[in-house]
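Q: Below is the file final.txt, with compact mmCIF, C-alpha atoms.
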# COMPACT_ATOMS: atom_id res chain seq x y z
CA MET I 1 0.00 0.00 0.00
CA THR I 2 1.30 3.46 -0.87
CA PRO I 3 1.21 5.83 2.12
CA PHE I 4 -0.41 9.21 1.80
CA ARG I 5 -0.46 12.47 3.72
CA ASP I 6 -1.97 15.92 3.55
CA TYR I 7 -0.23 18.83 1.84
CA ALA I 8 2.18 20.57 4.22
CA GLY I 9 3.56 23.61 2.38
CA PRO I 10 5.98 24.83 -0.30
CA SER I 11 8.23 21.76 -0.28
CA ASP I 12 5.17 19.65 -1.10
CA LEU I 13 4.34 21.98 -3.98
CA ARG I 14 7.85 21.40 -5.35
CA ALA I 15 7.27 17.64 -5.05
CA MET I 16 3.91 17.99 -6.84
CA GLN I 17 5.66 19.97 -9.57
CA GLY I 18 8.27 17.22 -9.90
CA LEU I 19 5.58 14.62 -10.58
CA THR I 20 3.75 17.01 -12.90
CA GLN I 21 6.94 17.54 -14.88
CA ARG I 22 7.64 13.80 -15.11
CA VAL I 23 4.22 12.96 -16.56
CA TRP I 24 3.53 16.15 -18.55
CA SER I 25 2.22 15.97 -22.11
CA GLU I 26 0.48 18.51 -24.35
CA ARG I 27 -2.86 17.16 -23.08
CA SER I 28 -1.98 17.59 -19.39
CA PRO I 29 -4.18 19.99 -17.43
CA PHE I 30 -1.18 21.42 -15.52
CA HIS I 31 2.43 22.25 -16.12
CA ILE I 32 4.80 23.12 -13.28
CA GLY I 33 4.42 26.90 -13.63
CA ASN I 34 0.65 26.73 -13.84
CA LEU I 35 0.52 24.52 -10.76
CA ALA I 36 2.46 27.09 -8.70
CA TRP I 37 0.35 29.97 -10.02
CA GLU I 38 -2.89 28.15 -9.18
CA ARG I 39 -1.65 27.26 -5.70
CA PHE I 40 -0.54 30.79 -4.80
CA GLU I 41 -3.09 32.82 -6.73
CA HIS I 42 -5.00 33.46 -3.50
CA VAL I 43 -2.61 33.02 -0.58
CA GLY I 44 -4.29 31.86 2.62
CA ARG I 45 -6.97 29.72 0.99
CA ASP I 46 -5.22 26.40 1.74
CA PRO I 47 -7.96 25.32 4.20
CA GLU I 48 -10.49 25.64 1.35
CA TRP I 49 -8.36 23.45 -0.95
CA PRO I 50 -7.75 20.05 0.68
CA THR I 51 -4.74 18.45 -0.96
CA ARG I 52 -3.27 14.99 -0.45
CA LEU I 53 -0.03 13.43 -1.68
CA TRP I 54 0.55 9.71 -2.20
CA LEU I 55 4.14 8.65 -1.67
CA GLU I 56 6.46 5.81 -2.49
CA GLY I 57 9.48 6.34 -0.29
CA ASP I 58 10.26 10.05 -0.61
CA MET I 59 8.81 10.34 -4.11
CA VAL I 60 5.34 11.70 -4.82
CA ARG I 61 3.53 9.18 -7.03
CA ALA I 62 0.17 10.99 -7.09
CA TRP I 63 -1.55 14.06 -5.72
CA GLY I 64 -5.15 15.21 -5.52
CA TRP I 65 -6.41 18.73 -4.87
CA ILE I 66 -10.05 19.70 -4.36
CA GLN I 67 -10.79 23.26 -5.41
CA ASP I 68 -13.65 25.48 -6.50
CA GLY I 69 -16.61 23.79 -4.90
CA GLY I 70 -15.56 20.20 -5.34
CA HIS I 71 -13.52 20.13 -8.57
CA LEU I 72 -10.75 17.53 -8.25
CA TYR I 73 -7.36 18.22 -9.82
CA PHE I 74 -5.01 15.24 -9.93
Would you kindly transcribe this structure into structure tokens?
A:
Amino acid sequence: MTPFRDYAGPSDLRAMQGLTQRVWSERSPFHIGNLAWERFEHVGRDPEWPTRLWLEGDMVRAWGWIQDGGHLYF
């Protein structure tokens, strides 16, 4: 089973960006710059945007982020 945990700050964003970069294609909904912009567009809204990271060792293998009234980004 892959362990998971809740988002804990900027170092987790960098880990999310790392995964996003590894799997990016022209059809991807996010690229690493867009992910940072979305996350920090409205500083202080983290409690409204529950985010979870799934890990394998120290590497993020998946992330999910609920935003805008229930829309899931992953």
Q: Report as a count of residues only all protein, DNA and RNA residues lying within 12 Å of I:Asn34, evaluated on only C-alpha atoms, omitting residues in the same chain fewer than 5 positions from it.
A: 11
Q: Considering only C-alpha atoms, state which residue in the set I:Glu38, I:Gly33, I:Trp49, I:Asp12 is at the smallest distance from I:His71.
A: I:Trp49
Q: Could you please give me, as a VMD selection string, the residues of protein, DNA or RNA lying at most 6 Å from (-4.6, 14.1, 0.6) in the coordinate frame of the file, considering only C-alpha atoms?
A: chain I and resid 5 to 6 51 to 53
Q: Please report the interatomic distance between atom CA of I:Phe74 and atom CA of I:Pro10 in Å with one decimal.
A: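 The value is 17.5 Å.
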Q: Calculated over all atoms listed in the file, which of the candidates I:Ile66, I:Leu72, I:Ile32, I:Leu19 has the smallest distance to I:Trp54?
A: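 Using all atoms listed in the file, the shortest distance to I:Trp54 belongs to I:Leu19.
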Q: For atom CA of I:Glu48 and atom CA of I:Glu26, quote the distance in Å rounded to one decimal.
A: 28.8 Å
Q: Point out the residue among I:Gly18, I:Gly44, I:Phe30, I:Phe4 with the least atom-to-atom distance to I:Glu56, counting all atoms listed in the file.
A: I:Phe4
Q: What does the distance between atom CA of I:His31 and atom CA of I:Pro3 come to in Å, to one decimal place?
A: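 One can read the atom CA of I:His31 to atom CA of I:Pro3 distance as 24.6 Å.
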Q: Under the rule that all atoms listed in the file are counted, which of I:Leu35, I:Tyr73, I:Arg22, I:Ser11 is the nearest residue to I:Asp58?
A: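 Checking each candidate against I:Asp58, we get I:Ser11 as the closest.
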Q: Kindly indicate which residue among I:Ala8, I:Arg45, I:Trp37, I:Val23 lies nearest to I:Asp68, using all atoms listed in the file for the distances.
A: I:Arg45
Q: List the neighbours of I:Leu55 out to 8 Å using all atoms listed in the file; skip same-chain residues closer than 4 positions along the sequence, and give me the result as JSON, numbers by chain.
A: {"I": [2, 3, 4, 59, 60, 61, 62]}
Q: From the block I gave, I'd like stretch 4-28 of chain I written with N, CA and C atoms, as an mmCIF file, in the first residue's frame.
A:
data_model
loop_
_atom_site.group_PDB
_atom_site.id
_atom_site.type_symbol
_atom_site.label_atom_id
_atom_site.label_comp_id
_atom_site.auth_asym_id
_atom_site.auth_seq_id
_atom_site.Cartn_x
_atom_site.Cartn_y
_atom_site.Cartn_z
ATOM 1 N N PHE I 4 -0.008 7.873 2.232
ATOM 2 C CA PHE I 4 -0.408 9.210 1.805
ATOM 3 C C PHE I 4 -0.384 10.140 3.000
ATOM 4 N N ARG I 5 -0.396 11.451 2.674
ATOM 5 C CA ARG I 5 -0.464 12.469 3.723
ATOM 6 C C ARG I 5 -1.023 13.748 3.124
ATOM 7 N N ASP I 6 -1.445 14.640 3.992
ATOM 8 C CA ASP I 6 -1.970 15.917 3.548
ATOM 9 C C ASP I 6 -0.839 16.872 3.169
ATOM 10 N N TYR I 7 -1.151 17.794 2.289
ATOM 11 C CA TYR I 7 -0.230 18.834 1.840
ATOM 12 C C TYR I 7 0.278 19.618 3.048
ATOM 13 N N ALA I 8 1.592 19.911 3.053
ATOM 14 C CA ALA I 8 2.184 20.571 4.219
ATOM 15 C C ALA I 8 2.968 21.833 3.883
ATOM 16 N N GLY I 9 2.887 22.358 2.666
ATOM 17 C CA GLY I 9 3.563 23.612 2.378
ATOM 18 C C GLY I 9 4.395 23.596 1.100
ATOM 19 N N PRO I 10 5.232 24.634 0.940
ATOM 20 C CA PRO I 10 5.979 24.832 -0.305
ATOM 21 C C PRO I 10 6.845 23.647 -0.755
ATOM 22 N N SER I 11 7.426 22.905 0.162
ATOM 23 C CA SER I 11 8.233 21.756 -0.277
ATOM 24 C C SER I 11 7.344 20.688 -0.920
ATOM 25 N N ASP I 12 6.101 20.582 -0.468
ATOM 26 C CA ASP I 12 5.169 19.649 -1.103
ATOM 27 C C ASP I 12 4.771 20.140 -2.493
ATOM 28 N N LEU I 13 4.626 21.452 -2.652
ATOM 29 C CA LEU I 13 4.343 21.983 -3.979
ATOM 30 C C LEU I 13 5.472 21.629 -4.940
ATOM 31 N N ARG I 14 6.716 21.765 -4.498
ATOM 32 C CA ARG I 14 7.847 21.396 -5.354
ATOM 33 C C ARG I 14 7.794 19.909 -5.711
ATOM 34 N N ALA I 15 7.400 19.072 -4.767
ATOM 35 C CA ALA I 15 7.269 17.637 -5.047
ATOM 36 C C ALA I 15 6.130 17.384 -6.041
ATOM 37 N N MET I 16 5.017 18.101 -5.897
ATOM 38 C CA MET I 16 3.909 17.990 -6.840
ATOM 39 C C MET I 16 4.353 18.433 -8.235
ATOM 40 N N GLN I 17 5.143 19.499 -8.291
ATOM 41 C CA GLN I 17 5.661 19.974 -9.569
ATOM 42 C C GLN I 17 6.586 18.932 -10.206
ATOM 43 N N GLY I 18 7.387 18.253 -9.379
ATOM 44 C CA GLY I 18 8.272 17.220 -9.897
ATOM 45 C C GLY I 18 7.492 16.115 -10.594
ATOM 46 N N LEU I 19 6.423 15.652 -9.958
ATOM 47 C CA LEU I 19 5.580 14.625 -10.581
ATOM 48 C C LEU I 19 4.924 15.178 -11.840
ATOM 49 N N THR I 20 4.405 16.388 -11.755
ATOM 50 C CA THR I 20 3.748 17.011 -12.896
ATOM 51 C C THR I 20 4.704 17.102 -14.081
ATOM 52 N N GLN I 21 5.936 17.449 -13.821
ATOM 53 C CA GLN I 21 6.938 17.536 -14.878
ATOM 54 C C GLN I 21 7.250 16.159 -15.473
ATOM 55 N N ARG I 22 7.318 15.142 -14.628
ATOM 56 C CA ARG I 22 7.642 13.797 -15.112
ATOM 57 C C ARG I 22 6.566 13.220 -16.028
ATOM 58 N N VAL I 23 5.308 13.571 -15.790
ATOM 59 C CA VAL I 23 4.218 12.965 -16.562
ATOM 60 C C VAL I 23 3.584 13.932 -17.567
ATOM 61 N N TRP I 24 4.128 15.130 -17.705
ATOM 62 C CA TRP I 24 3.532 16.152 -18.551
ATOM 63 C C TRP I 24 3.467 15.731 -20.016
ATOM 64 N N SER I 25 2.365 16.088 -20.656
ATOM 65 C CA SER I 25 2.219 15.973 -22.107
ATOM 66 C C SER I 25 1.415 17.198 -22.553
ATOM 67 N N GLU I 26 1.253 17.362 -23.842
ATOM 68 C CA GLU I 26 0.482 18.506 -24.350
ATOM 69 C C GLU I 26 -0.974 18.461 -23.921
ATOM 70 N N ARG I 27 -1.465 17.303 -23.526
ATOM 71 C CA ARG I 27 -2.855 17.164 -23.077
ATOM 72 C C ARG I 27 -3.012 17.299 -21.569
ATOM 73 N N SER I 28 -1.917 17.491 -20.850
ATOM 74 C CA SER I 28 -1.977 17.591 -19.386
ATOM 75 C C SER I 28 -2.688 18.869 -18.965
#
